[in-house]
>>> print(open('input_18.cif').read())   # mmCIF, C-alpha atoms (C1' of nucleotides)
data_model
loop_
_atom_site.label_atom_id
_atom_site.label_comp_id
_atom_site.auth_asym_id
_atom_site.auth_seq_id
_atom_site.Cartn_x
_atom_site.Cartn_y
_atom_site.Cartn_z
CA MET A 1 -24.93 59.54 -13.77
CA GLY A 2 -26.48 60.27 -17.14
CA VAL A 3 -24.06 60.02 -20.00
CA MET A 4 -21.28 58.10 -18.37
CA SER A 5 -19.70 55.14 -20.04
CA GLU A 6 -20.35 51.64 -18.77
CA PRO A 7 -18.49 51.35 -15.49
CA ARG A 8 -15.60 48.93 -15.42
CA TRP A 9 -16.80 45.90 -13.54
CA LEU A 10 -14.50 43.39 -11.96
CA THR A 11 -13.17 40.52 -13.99
CA ASP A 12 -14.56 37.11 -13.13
CA GLU A 13 -11.41 36.32 -11.26
CA GLU A 14 -11.37 39.56 -9.32
CA GLN A 15 -14.99 39.00 -8.49
CA HIS A 16 -14.29 35.55 -7.17
CA VAL A 17 -11.27 36.65 -5.16
CA TRP A 18 -13.14 39.59 -3.71
CA ARG A 19 -16.01 37.47 -2.52
CA GLU A 20 -13.77 34.82 -1.05
CA PHE A 21 -11.76 37.50 0.68
CA SER A 22 -14.84 39.28 1.88
CA VAL A 23 -16.42 36.18 3.37
CA ALA A 24 -13.18 34.84 4.79
CA THR A 25 -12.29 38.04 6.61
CA ARG A 26 -15.82 38.43 7.92
CA MET A 27 -15.84 34.89 9.22
CA LEU A 28 -12.39 35.19 10.71
CA GLN A 29 -13.28 38.40 12.44
CA ALA A 30 -16.50 36.95 13.82
CA HIS A 31 -14.68 33.85 14.98
CA LEU A 32 -11.99 35.73 16.85
CA GLU A 33 -14.42 38.21 18.26
CA GLY A 34 -16.60 35.41 19.52
CA GLN A 35 -13.74 33.47 21.02
CA LEU A 36 -12.51 36.49 22.92
CA GLN A 37 -15.98 37.46 24.01
CA HIS A 38 -16.80 33.99 25.27
CA GLU A 39 -13.56 33.05 26.96
CA SER A 40 -12.53 36.43 28.30
CA ASN A 41 -15.64 38.51 28.08
CA MET A 42 -14.08 41.38 26.18
CA PRO A 43 -14.44 42.63 22.64
CA HIS A 44 -11.43 42.42 20.38
CA THR A 45 -11.05 46.17 20.32
CA TYR A 46 -10.58 46.28 24.05
CA TYR A 47 -8.14 43.45 23.89
CA GLU A 48 -6.11 45.42 21.40
CA VAL A 49 -6.08 48.43 23.65
CA LEU A 50 -4.84 46.37 26.54
CA VAL A 51 -2.16 44.77 24.39
CA ALA A 52 -0.96 48.14 23.13
CA LEU A 53 -0.71 49.39 26.70
CA SER A 54 1.04 46.25 27.90
CA GLU A 55 3.71 46.79 25.28
CA ALA A 56 4.21 50.45 26.02
CA PRO A 57 6.90 51.78 28.34
CA GLU A 58 5.50 51.91 31.87
CA HIS A 59 2.26 50.44 30.58
CA ARG A 60 1.03 53.88 29.63
CA LEU A 61 0.19 55.68 26.41
CA ARG A 62 -1.33 58.98 25.43
CA MET A 63 -4.84 58.65 24.07
CA SER A 64 -3.75 59.75 20.62
CA GLU A 65 -0.83 57.38 20.49
CA LEU A 66 -3.20 54.62 21.40
CA ALA A 67 -5.60 55.66 18.67
CA ASP A 68 -2.91 55.96 16.02
CA ALA A 69 -1.32 52.68 16.96
CA ARG A 70 -4.38 50.73 15.93
CA LYS A 71 -5.80 53.15 13.40
CA SER A 72 -8.77 53.71 15.63
CA SER A 73 -10.70 56.95 15.89
CA ARG A 74 -10.17 59.15 18.92
CA SER A 75 -13.81 58.99 19.72
CA ARG A 76 -13.85 55.22 19.72
CA LEU A 77 -10.86 55.13 21.96
CA SER A 78 -12.35 57.56 24.38
CA HIS A 79 -15.44 55.42 24.68
CA ALA A 80 -13.40 52.25 24.90
CA VAL A 81 -11.13 53.58 27.61
CA SER A 82 -14.15 54.77 29.56
CA ARG A 83 -15.48 51.25 29.47
CA LEU A 84 -12.11 49.74 30.36
CA GLU A 85 -11.85 52.21 33.19
CA ALA A 86 -15.24 51.12 34.49
CA ASN A 87 -13.92 47.55 34.43
CA GLY A 88 -10.92 48.63 36.43
CA TRP A 89 -8.49 47.57 33.71
CA VAL A 90 -7.29 51.01 32.76
CA ARG A 91 -6.88 54.25 34.62
CA ARG A 92 -6.78 57.76 33.20
CA GLU A 93 -4.14 60.20 34.31
CA SER A 94 -3.95 63.81 33.28
CA CYS A 95 -0.76 64.90 31.61
CA PRO A 96 1.18 67.49 33.62
CA THR A 97 3.11 68.95 30.68
CA ASP A 98 0.11 69.28 28.41
CA LYS A 99 -3.06 69.87 30.33
CA ARG A 100 -5.22 68.94 27.38
CA GLY A 101 -3.69 65.52 27.23
CA ALA A 102 -4.50 62.33 29.05
CA TRP A 103 -2.63 59.13 29.65
CA ALA A 104 -4.24 55.75 29.60
CA VAL A 105 -2.52 53.54 32.14
CA LEU A 106 -2.84 49.79 32.39
CA THR A 107 -3.78 48.70 35.91
CA ALA A 108 -2.64 45.52 37.58
CA GLU A 109 -6.11 44.09 37.03
CA GLY A 110 -5.92 45.02 33.37
CA PHE A 111 -2.57 43.32 33.07
CA ALA A 112 -3.96 40.23 34.71
CA ALA A 113 -6.98 40.30 32.43
CA ILE A 114 -4.93 40.39 29.27
CA LYS A 115 -2.53 37.82 30.59
CA ALA A 116 -5.46 35.51 31.08
CA ALA A 117 -7.01 36.29 27.72
CA ALA A 118 -3.90 36.13 25.56
CA PRO A 119 -3.23 32.39 25.32
CA GLY A 120 -6.71 31.56 24.10
CA HIS A 121 -6.71 34.38 21.63
CA VAL A 122 -3.29 33.56 20.26
CA GLU A 123 -4.30 29.97 19.94
CA ALA A 124 -7.41 30.99 18.03
CA VAL A 125 -5.39 33.17 15.69
CA ARG A 126 -2.86 30.48 15.03
CA GLU A 127 -5.48 27.90 14.46
CA SER A 128 -7.88 29.86 12.30
CA LEU A 129 -5.50 32.07 10.37
CA PHE A 130 -2.14 30.32 10.17
CA GLY A 131 -3.40 26.80 10.52
CA PRO A 132 -4.83 26.43 7.06
CA LEU A 133 -2.02 28.33 5.31
CA THR A 134 1.27 27.08 3.95
CA ALA A 135 4.49 28.85 4.87
CA GLU A 136 4.60 30.54 1.48
CA GLN A 137 1.05 31.70 1.83
CA VAL A 138 1.85 33.30 5.16
CA VAL A 139 4.66 35.25 3.55
CA ALA A 140 2.42 36.21 0.66
CA LEU A 141 -0.35 37.32 3.00
CA GLY A 142 2.07 39.59 4.81
CA GLU A 143 3.18 41.23 1.59
CA ILE A 144 -0.36 41.55 0.35
CA SER A 145 -1.52 43.13 3.58
CA THR A 146 1.30 45.61 3.55
CA ALA A 147 0.57 46.55 -0.04
CA ILE A 148 -3.09 47.12 0.74
CA ARG A 149 -2.32 49.11 3.84
CA GLU A 150 0.15 51.34 2.07
CA GLY A 151 -2.21 51.81 -0.82
CA LEU A 152 -4.92 52.97 1.54
CA SER A 153 -2.92 55.63 3.29
CA PRO A 154 -0.71 57.24 0.66
CA ARG A 155 0.34 60.09 2.85
CA CYS A 156 0.40 58.17 6.11
CA ALA A 157 2.43 55.42 4.52
CA ALA A 158 5.71 57.27 4.87
CA ALA A 159 5.05 58.20 8.46
CA ALA A 160 3.92 54.71 9.33
CA ALA A 161 6.94 53.16 7.69
CA ALA A 162 9.18 55.57 9.54
CA ALA A 163 7.53 54.78 12.84
CA GLU A 164 7.79 51.08 12.20
CA ALA A 165 11.45 51.36 11.25
CA GLU A 166 12.11 53.41 14.34
CA SER A 167 10.43 51.01 16.70
CA ALA A 168 12.11 48.10 14.95
CA CYS A 169 15.51 49.70 15.38
CA ALA A 170 14.90 50.91 18.90
CA GLY A 171 13.65 47.51 20.00
CA GLU A 172 11.01 49.07 22.19
CA VAL A 173 9.15 46.01 23.38
CA PRO A 174 9.31 46.07 27.16
CA GLU A 175 8.88 43.46 29.83
CA GLU A 176 6.36 41.14 28.36
CA SER A 177 4.66 40.91 25.03
CA PHE A 178 1.50 39.03 24.26
CA GLY A 179 2.29 38.26 20.72
CA VAL A 180 -1.04 39.32 19.37
CA ALA A 181 -3.31 42.24 18.97
CA MET B 1 -5.22 27.96 33.99
CA GLY B 2 -3.07 26.73 36.83
CA VAL B 3 -0.47 24.21 35.81
CA MET B 4 -0.52 24.67 32.09
CA SER B 5 2.63 24.91 30.09
CA GLU B 6 3.75 28.17 28.58
CA PRO B 7 1.33 28.88 25.77
CA ARG B 8 2.73 28.77 22.28
CA TRP B 9 3.04 32.36 21.14
CA LEU B 10 3.28 33.39 17.56
CA THR B 11 6.61 33.49 15.83
CA ASP B 12 7.96 36.93 15.00
CA GLU B 13 6.94 36.48 11.43
CA GLU B 14 3.46 35.31 12.27
CA GLN B 15 3.15 38.21 14.62
CA HIS B 16 4.16 40.64 11.93
CA VAL B 17 1.86 39.12 9.32
CA TRP B 18 -1.06 39.04 11.70
CA ARG B 19 -0.72 42.69 12.59
CA GLU B 20 -0.31 43.78 9.00
CA PHE B 21 -3.30 41.70 8.06
CA SER B 22 -5.32 42.99 10.94
CA VAL B 23 -4.64 46.63 10.20
CA ALA B 24 -5.01 46.22 6.45
CA THR B 25 -8.38 44.53 6.63
CA ARG B 26 -9.62 47.02 9.19
CA MET B 27 -8.57 49.93 7.02
CA LEU B 28 -9.96 48.38 3.89
CA GLN B 29 -13.26 47.70 5.52
CA ALA B 30 -13.48 51.21 6.91
CA HIS B 31 -12.57 52.65 3.53
CA LEU B 32 -15.22 50.74 1.63
CA GLU B 33 -17.82 51.30 4.29
CA GLY B 34 -17.15 55.02 4.21
CA GLN B 35 -17.23 55.23 0.44
CA LEU B 36 -20.56 53.47 0.26
CA GLN B 37 -21.99 55.47 3.12
CA HIS B 38 -20.93 58.77 1.63
CA GLU B 39 -21.76 58.21 -2.00
CA SER B 40 -24.85 56.08 -1.66
CA ASN B 41 -25.92 56.52 1.90
CA MET B 42 -26.11 52.85 2.73
CA PRO B 43 -23.98 50.59 4.89
CA HIS B 44 -22.05 47.83 3.20
CA THR B 45 -24.21 45.18 4.76
CA TYR B 46 -27.31 46.56 3.12
CA TYR B 47 -25.52 46.82 -0.16
CA GLU B 48 -24.65 43.16 0.08
CA VAL B 49 -28.25 42.25 0.75
CA LEU B 50 -29.38 44.17 -2.29
CA VAL B 51 -26.70 42.56 -4.43
CA ALA B 52 -27.66 39.10 -3.27
CA LEU B 53 -31.28 39.78 -4.12
CA SER B 54 -30.42 41.30 -7.48
CA GLU B 55 -28.61 38.12 -8.42
CA ALA B 56 -31.35 35.80 -7.26
CA PRO B 57 -33.98 34.38 -9.56
CA GLU B 58 -36.92 36.76 -9.64
CA HIS B 59 -35.03 39.09 -7.33
CA ARG B 60 -36.28 37.19 -4.32
CA LEU B 61 -34.72 35.05 -1.63
CA ARG B 62 -35.85 33.40 1.55
CA MET B 63 -34.57 35.12 4.66
CA SER B 64 -32.41 32.15 5.58
CA GLU B 65 -30.91 31.85 2.14
CA LEU B 66 -30.04 35.48 2.33
CA ALA B 67 -28.42 35.02 5.72
CA ASP B 68 -26.47 31.95 4.67
CA ALA B 69 -25.31 33.54 1.45
CA ARG B 70 -23.34 36.16 3.28
CA LYS B 71 -22.71 34.29 6.49
CA SER B 72 -24.82 36.78 8.35
CA SER B 73 -26.93 36.01 11.39
CA ARG B 74 -30.67 35.67 10.99
CA SER B 75 -31.23 38.36 13.51
CA ARG B 76 -29.05 40.81 11.69
CA LEU B 77 -30.80 40.07 8.46
CA SER B 78 -34.18 40.52 9.98
CA HIS B 79 -33.21 43.95 11.27
CA ALA B 80 -31.52 44.85 8.02
CA VAL B 81 -34.46 43.84 5.91
CA SER B 82 -36.75 45.82 8.18
CA ARG B 83 -34.62 48.85 7.53
CA LEU B 84 -34.45 48.20 3.80
CA GLU B 85 -38.19 47.75 3.80
CA ALA B 86 -38.61 51.12 5.47
CA ASN B 87 -36.48 52.58 2.69
CA GLY B 88 -38.72 51.00 0.11
CA TRP B 89 -35.89 48.93 -1.34
CA VAL B 90 -37.13 45.54 -0.26
CA ARG B 91 -40.53 44.06 0.36
CA ARG B 92 -41.42 41.07 2.51
CA GLU B 93 -43.75 38.41 1.23
CA SER B 94 -45.02 35.48 3.21
CA CYS B 95 -44.29 32.07 1.83
CA PRO B 96 -47.41 30.11 0.84
CA THR B 97 -45.87 26.63 1.08
CA ASP B 98 -44.19 27.19 4.45
CA LYS B 99 -46.16 29.57 6.57
CA ARG B 100 -43.23 30.19 8.89
CA GLY B 101 -41.10 31.42 6.04
CA ALA B 102 -40.73 34.82 4.45
CA TRP B 103 -39.35 36.05 1.17
CA ALA B 104 -37.35 39.18 0.79
CA VAL B 105 -38.10 40.73 -2.57
CA LEU B 106 -36.11 43.46 -4.25
CA THR B 107 -38.32 46.36 -5.31
CA ALA B 108 -37.81 48.51 -8.38
CA GLU B 109 -36.52 51.28 -6.12
CA GLY B 110 -34.11 48.87 -4.52
CA PHE B 111 -32.87 47.79 -7.90
CA ALA B 112 -32.37 51.39 -8.90
CA ALA B 113 -30.56 52.12 -5.65
CA ILE B 114 -28.08 49.35 -6.10
CA LYS B 115 -27.62 50.17 -9.75
CA ALA B 116 -26.65 53.66 -8.73
CA ALA B 117 -24.38 52.53 -5.93
CA ALA B 118 -22.54 49.74 -7.71
CA PRO B 119 -20.14 51.63 -9.99
CA GLY B 120 -18.64 53.69 -7.20
CA HIS B 121 -18.32 50.71 -4.94
CA VAL B 122 -16.74 48.51 -7.57
CA GLU B 123 -14.34 51.28 -8.42
CA ALA B 124 -13.40 51.60 -4.76
CA VAL B 125 -12.80 47.87 -4.48
CA ARG B 126 -10.69 47.75 -7.57
CA GLU B 127 -8.68 50.74 -6.52
CA SER B 128 -8.09 49.87 -2.89
CA LEU B 129 -7.86 46.10 -3.04
CA PHE B 130 -6.68 45.12 -6.50
CA GLY B 131 -4.86 48.31 -7.32
CA PRO B 132 -1.85 47.72 -5.11
CA LEU B 133 -1.61 43.99 -5.84
CA THR B 134 0.22 42.16 -8.59
CA ALA B 135 -1.60 39.53 -10.65
CA GLU B 136 0.12 36.76 -8.72
CA GLN B 137 -0.84 38.31 -5.43
CA VAL B 138 -4.46 38.40 -6.50
CA VAL B 139 -4.35 34.69 -7.23
CA ALA B 140 -2.60 34.03 -3.95
CA LEU B 141 -5.13 36.10 -2.03
CA GLY B 142 -7.94 34.08 -3.52
CA GLU B 143 -6.35 30.82 -2.47
CA ILE B 144 -5.53 32.12 0.97
CA SER B 145 -9.05 33.36 1.50
CA THR B 146 -10.52 30.06 0.44
CA ALA B 147 -8.21 28.19 2.76
CA ILE B 148 -9.16 30.38 5.69
CA ARG B 149 -12.83 30.14 4.94
CA GLU B 150 -12.75 26.39 4.66
CA GLY B 151 -10.70 26.11 7.80
CA LEU B 152 -13.28 28.10 9.70
CA SER B 153 -16.28 26.02 8.76
CA PRO B 154 -15.14 22.42 8.70
CA ARG B 155 -18.61 21.00 8.51
CA CYS B 156 -20.08 23.78 6.39
CA ALA B 157 -17.18 23.55 3.99
CA ALA B 158 -18.54 20.57 2.14
CA ALA B 159 -21.99 22.04 1.85
CA ALA B 160 -20.64 25.38 0.76
CA ALA B 161 -18.39 23.80 -1.83
CA ALA B 162 -21.29 21.76 -3.11
CA ALA B 163 -23.51 24.82 -3.34
CA GLU B 164 -20.81 26.74 -5.11
CA ALA B 165 -20.17 23.95 -7.57
CA GLU B 166 -23.86 23.67 -8.22
CA SER B 167 -24.31 27.35 -8.85
CA ALA B 168 -21.17 27.40 -10.94
CA CYS B 169 -22.43 24.53 -13.08
CA ALA B 170 -25.97 25.78 -13.26
CA GLY B 171 -24.85 29.25 -14.28
CA GLU B 172 -27.48 30.84 -12.14
CA VAL B 173 -26.66 34.51 -12.51
CA PRO B 174 -29.78 36.14 -13.90
CA GLU B 175 -30.39 39.31 -15.84
CA GLU B 176 -27.81 41.63 -14.44
CA SER B 177 -24.95 41.24 -12.04
CA PHE B 178 -23.22 44.00 -10.16
CA GLY B 179 -19.91 42.34 -9.90
CA VAL B 180 -19.43 43.09 -6.25
CA ALA B 181 -20.78 42.43 -2.85
"C1'" DG C 1 -54.92 12.72 17.62
"C1'" DC C 2 -51.35 14.69 21.00
"C1'" DA C 3 -46.90 15.91 22.94
"C1'" DC C 4 -41.95 17.06 21.78
"C1'" DT C 5 -38.47 18.86 19.22
"C1'" DT C 6 -36.72 21.49 15.40
"C1'" DT C 7 -36.80 25.16 12.19
"C1'" DG C 8 -37.82 29.99 10.29
"C1'" DG C 9 -38.10 34.16 11.77
"C1'" DT C 10 -38.89 38.30 14.82
"C1'" DT C 11 -38.23 41.35 18.76
"C1'" DG C 12 -36.09 44.37 22.33
"C1'" DA C 13 -32.39 45.48 25.24
"C1'" DA C 14 -27.47 46.08 25.68
"C1'" DC C 15 -23.52 47.49 23.55
"C1'" DG C 16 -19.90 49.31 20.44
"C1'" DC C 17 -19.02 52.54 16.61
"C1'" DT C 18 -19.72 56.85 13.98
"C1'" DC C 19 -20.45 61.44 13.46
"C1'" DA C 20 -20.84 66.05 14.70
"C1'" DA C 21 -20.68 69.29 18.26
"C1'" DC C 22 -18.22 70.85 21.99
"C1'" DT C 23 -14.66 72.08 25.86
"C1'" DA C 24 -10.33 73.47 26.83
"C1'" DG C 25 -5.51 74.16 26.59
"C1'" DG C 26 -1.44 75.30 23.43
"C1'" DG C 27 1.01 78.11 20.07
"C1'" DG C 28 1.52 81.91 17.23
"C1'" DT C 29 1.13 86.77 16.01
"C1'" DA C 30 0.60 91.56 16.91
"C1'" DT D 1 -2.66 91.23 26.63
"C1'" DA D 2 -5.88 89.92 23.05
"C1'" DC D 3 -6.98 87.28 19.24
"C1'" DC D 4 -7.10 83.32 16.32
"C1'" DC D 5 -6.39 78.80 15.00
"C1'" DC D 6 -4.93 74.23 15.92
"C1'" DT D 7 -4.74 70.13 18.71
"C1'" DA D 8 -6.30 66.70 22.58
"C1'" DG D 9 -9.92 64.73 24.11
"C1'" DT D 10 -14.86 64.13 25.56
"C1'" DT D 11 -19.79 63.73 24.95
"C1'" DG D 12 -24.39 62.30 23.31
"C1'" DA D 13 -27.42 60.94 19.76
"C1'" DG D 14 -28.25 57.70 16.07
"C1'" DC D 15 -27.49 53.41 14.17
"C1'" DG D 16 -26.13 48.55 13.31
"C1'" DT D 17 -24.95 44.16 15.62
"C1'" DT D 18 -25.36 40.77 19.16
"C1'" DC D 19 -27.62 38.00 22.28
"C1'" DA D 20 -31.23 35.79 24.41
"C1'" DA D 21 -35.98 35.25 24.65
"C1'" DC D 22 -39.76 34.42 22.10
"C1'" DC D 23 -43.62 32.81 18.71
"C1'" DA D 24 -45.53 30.03 15.26
"C1'" DA D 25 -45.42 26.47 11.99
"C1'" DA D 26 -43.23 21.89 10.59
"C1'" DG D 27 -41.79 17.50 11.56
"C1'" DT D 28 -41.53 13.33 14.55
"C1'" DG D 29 -42.90 9.63 17.71
"C1'" DC D 30 -46.46 7.26 19.75
#
>>> encode(input="input_18.cif", output="structure tokens")
Amino acid sequence: MGVMSEPRWLTDEEQHVWREFSVATRMLQAHLEGQLQHESNMPHTYYEVLVALSEAPEHRLRMSELADARKSSRSRLSHAVSRLEANGWVRRESCPTDKRGAWAVLTAEGFAAIKAAAPGHVEAVRESLFGPLTAEQVVALGEISTAIREGLSPRCAAAAAAAEAESACAGEVPEESFGVA
Amino acid sequence: MGVMSEPRWLTDEEQHVWREFSVATRMLQAHLEGQLQHESNMPHTYYEVLVALSEAPEHRLRMSELADARKSSRSRLSHAVSRLEANGWVRRESCPTDKRGAWAVLTAEGFAAIKAAAPGHVEAVRESLFGPLTAEQVVALGEISTAIREGLSPRCAAAAAAAEAESACAGEVPEESFGVA
DNA sequence: GCACTTTGGTTGAACGCTCAACTAGGGGTA
DNA sequence: TACCCCTAGTTGAGCGTTCAACCAAAGTGC
């Protein structure tokens, strides 16, 4: 500290926007988390794991792929998959080509669980997020989110964009997609 | 379940916006949390409590006011204040007029702690949130956030708006404001 | 005055996340 | 082969949040 110049505070408008944003995202998160927890008895994180698996070829993904897909830490995923495994929704399989690796595989029960959970969750997202927004605001929110995301991962941005482009071109989505993660 | 019609999924665009939004907010939150934790050794929640207190008249707030201000649960606040109290940043005082009630009071150490933490946090917010956005996007984000927030608390919306208007009119902000929570 | 409900707040257990330490297999070099 | 480093993933402790149960003081009705 010491002899540093007065830090640059936020402008009144930035301040206001930041607080609105902060409260809104917190409330939205809590709302969706609660909905999922109540109606389907699973935390949002687990739901996202199941969705990612349900969209993957053969309903299986390497642990790291799963982690990267949702920007989750490996540790968190390991814990999460352990829990999902205990629930019988996911099964681990060791990778024959790389003995360090492990696959997370969606079980039939897991597929059923997400299938049951999805409609309510999607409905909640549509209602709480898209409901109060105009069409233009939805577009704007998408652009804003992308800008923030890219700003946060300068080096990952290129890779992420590449991956997205690839998957967009390849049209990966298999079998059935639950529209939301 | 049973005989219900095919649930309405999200459109492709909604899907895309939702995922971008989801990832962006998660990353932003993690980024800010990490910055605060590393540079000032406090979680964002605690920072917000300290900010709220620092902006309150006499640096004191009833537990419930504190909870409502940031849409936090009473339980969480109680735990948080206990922790802050252990750190010497906040002190509890029983309320003479309502013997059930309790005040949370910012201590001198707490004030110093937040004063030290604020510049780095504000800088992080400006850089990661406002940095990548255009002026119009900032305005749009504010409106979007407000719309979402109001949509989420239909009955609270009126009260919240009233409270905000009141505080805006009254010009409450005392002594020193740290521009960010 | 006496019950009943509501409100303000706390507590402890269960749970998910973070962080750092750790195991173990892969890949390179000599 | 031996060595070294990197990568994939797991583990356990510490911590914050949630949830439900709980207590005490205010109101409320009679």
>>> resolve_selection(input="input_18.cif", expression="the PyMOL selection byres ((chain D and resi 18) around 9)", output="list in words")
Ser75 and Arg76 of chain B; DA14 and DC15 of chain C; DT17 and DC19 of chain D
>>> interface_residues(input="input_18.cif", of="chain A", to="chain D", cutoff="9 Å", atoms="only C-alpha atoms (C1' of nucleotides)", output="number ranges by chain")
A: 63-64, 74-75, 78-79, 99-102
>>> resolve_selection(input="input_18.cif", expression="the PyMOL selection byres ((chain B and resi 21) around 8)", output="count of residues only")
12
>>> closest_atom_pairs(input="input_18.cif", of="chain B", to="chain A", cutoff="7 Å", atoms="all atoms listed in the file", output="Markdown table")
| residue | atom | partner | partner_atom | distance |
| --- | --- | --- | --- | --- |
| B:Pro7 | CA | A:Pro119 | CA | 5.8 |
| B:Trp9 | CA | A:Gly179 | CA | 6.0 |
| B:Leu10 | CA | A:Gly179 | CA | 5.9 |
| B:Gln15 | CA | A:Gly179 | CA | 6.2 |
| B:Val17 | CA | A:Gly142 | CA | 4.5 |
| B:Arg19 | CA | A:Ala181 | CA | 6.9 |
| B:Glu20 | CA | A:Ser145 | CA | 5.6 |
| B:Phe21 | CA | A:Ser145 | CA | 5.0 |
| B:Ala24 | CA | A:Arg149 | CA | 4.7 |
| B:Arg70 | CA | A:Val23 | CA | 6.9 |
| B:Pro119 | CA | A:Pro7 | CA | 5.7 |
| B:Val122 | CA | A:Trp9 | CA | 6.5 |
| B:Ser128 | CA | A:Leu152 | CA | 6.3 |
| B:Leu129 | CA | A:Ile148 | CA | 6.2 |
| B:Pro132 | CA | A:Ala147 | CA | 5.7 |
| B:Leu133 | CA | A:Ala147 | CA | 6.7 |
| B:Gln137 | CA | A:Ile144 | CA | 6.6 |
| B:Leu141 | CA | A:Val17 | CA | 6.9 |
| B:Gly142 | CA | A:Val17 | CA | 4.5 |
| B:Ile144 | CA | A:Gln137 | CA | 6.6 |
| B:Ser145 | CA | A:Phe21 | CA | 5.0 |
| B:Thr146 | CA | A:Glu20 | CA | 6.0 |
| B:Ala147 | CA | A:Pro132 | CA | 5.7 |
| B:Ile148 | CA | A:Pro132 | CA | 6.0 |
| B:Arg149 | CA | A:Ala24 | CA | 4.7 |
| B:Gly151 | CA | A:Pro132 | CA | 5.9 |
| B:Leu152 | CA | A:Ser128 | CA | 6.2 |
| B:Gly179 | CA | A:Leu10 | CA | 5.9 |
| B:Val180 | CA | A:Gln15 | CA | 6.4 |
| B:Ala181 | CA | A:Arg19 | CA | 6.9 |
>>> closest_residue(input="input_18.cif", among="C:DA30, C:DC22, C:DC17, C:DC4", to="chain A", atoms="all atoms listed in the file")
C:DC17
>>> resolve_selection(input="input_18.cif", expression="the PyMOL selection byres ((chain C) within 12 of (chain A))", output="NGL selection string")
:C and (15-20 or 23-26)
>>> residues_around(input="input_18.cif", residues="Val90 in chain B", least_positions_apart="6", cutoff="6 Å", atoms="only C-alpha atoms (C1' of nucleotides)", output="ChimeraX atom specification")
/B:84,105-107
>>> atom_distance(input="input_18.cif", atom1="CA of Ala113 in chain B", atom2="CA of Ser40 in chain B")
8.0 Å
>>> atom_distance(input="input_18.cif", atom1="CA of Ile114 in chain B", atom2="CA of Leu77 in chain B")
17.5 Å
>>> residues_around(input="input_18.cif", residues="Ala108 in chain B", least_positions_apart="5", cutoff="12 Å", atoms="only C-alpha atoms (C1' of nucleotides)", output="number ranges by chain")
B: 50, 53-54, 58-59, 87-91, 113-115
>>> atom_distance(input="input_18.cif", atom1="CA of Phe111 in chain B", atom2="CA of Val51 in chain B")
8.8 Å
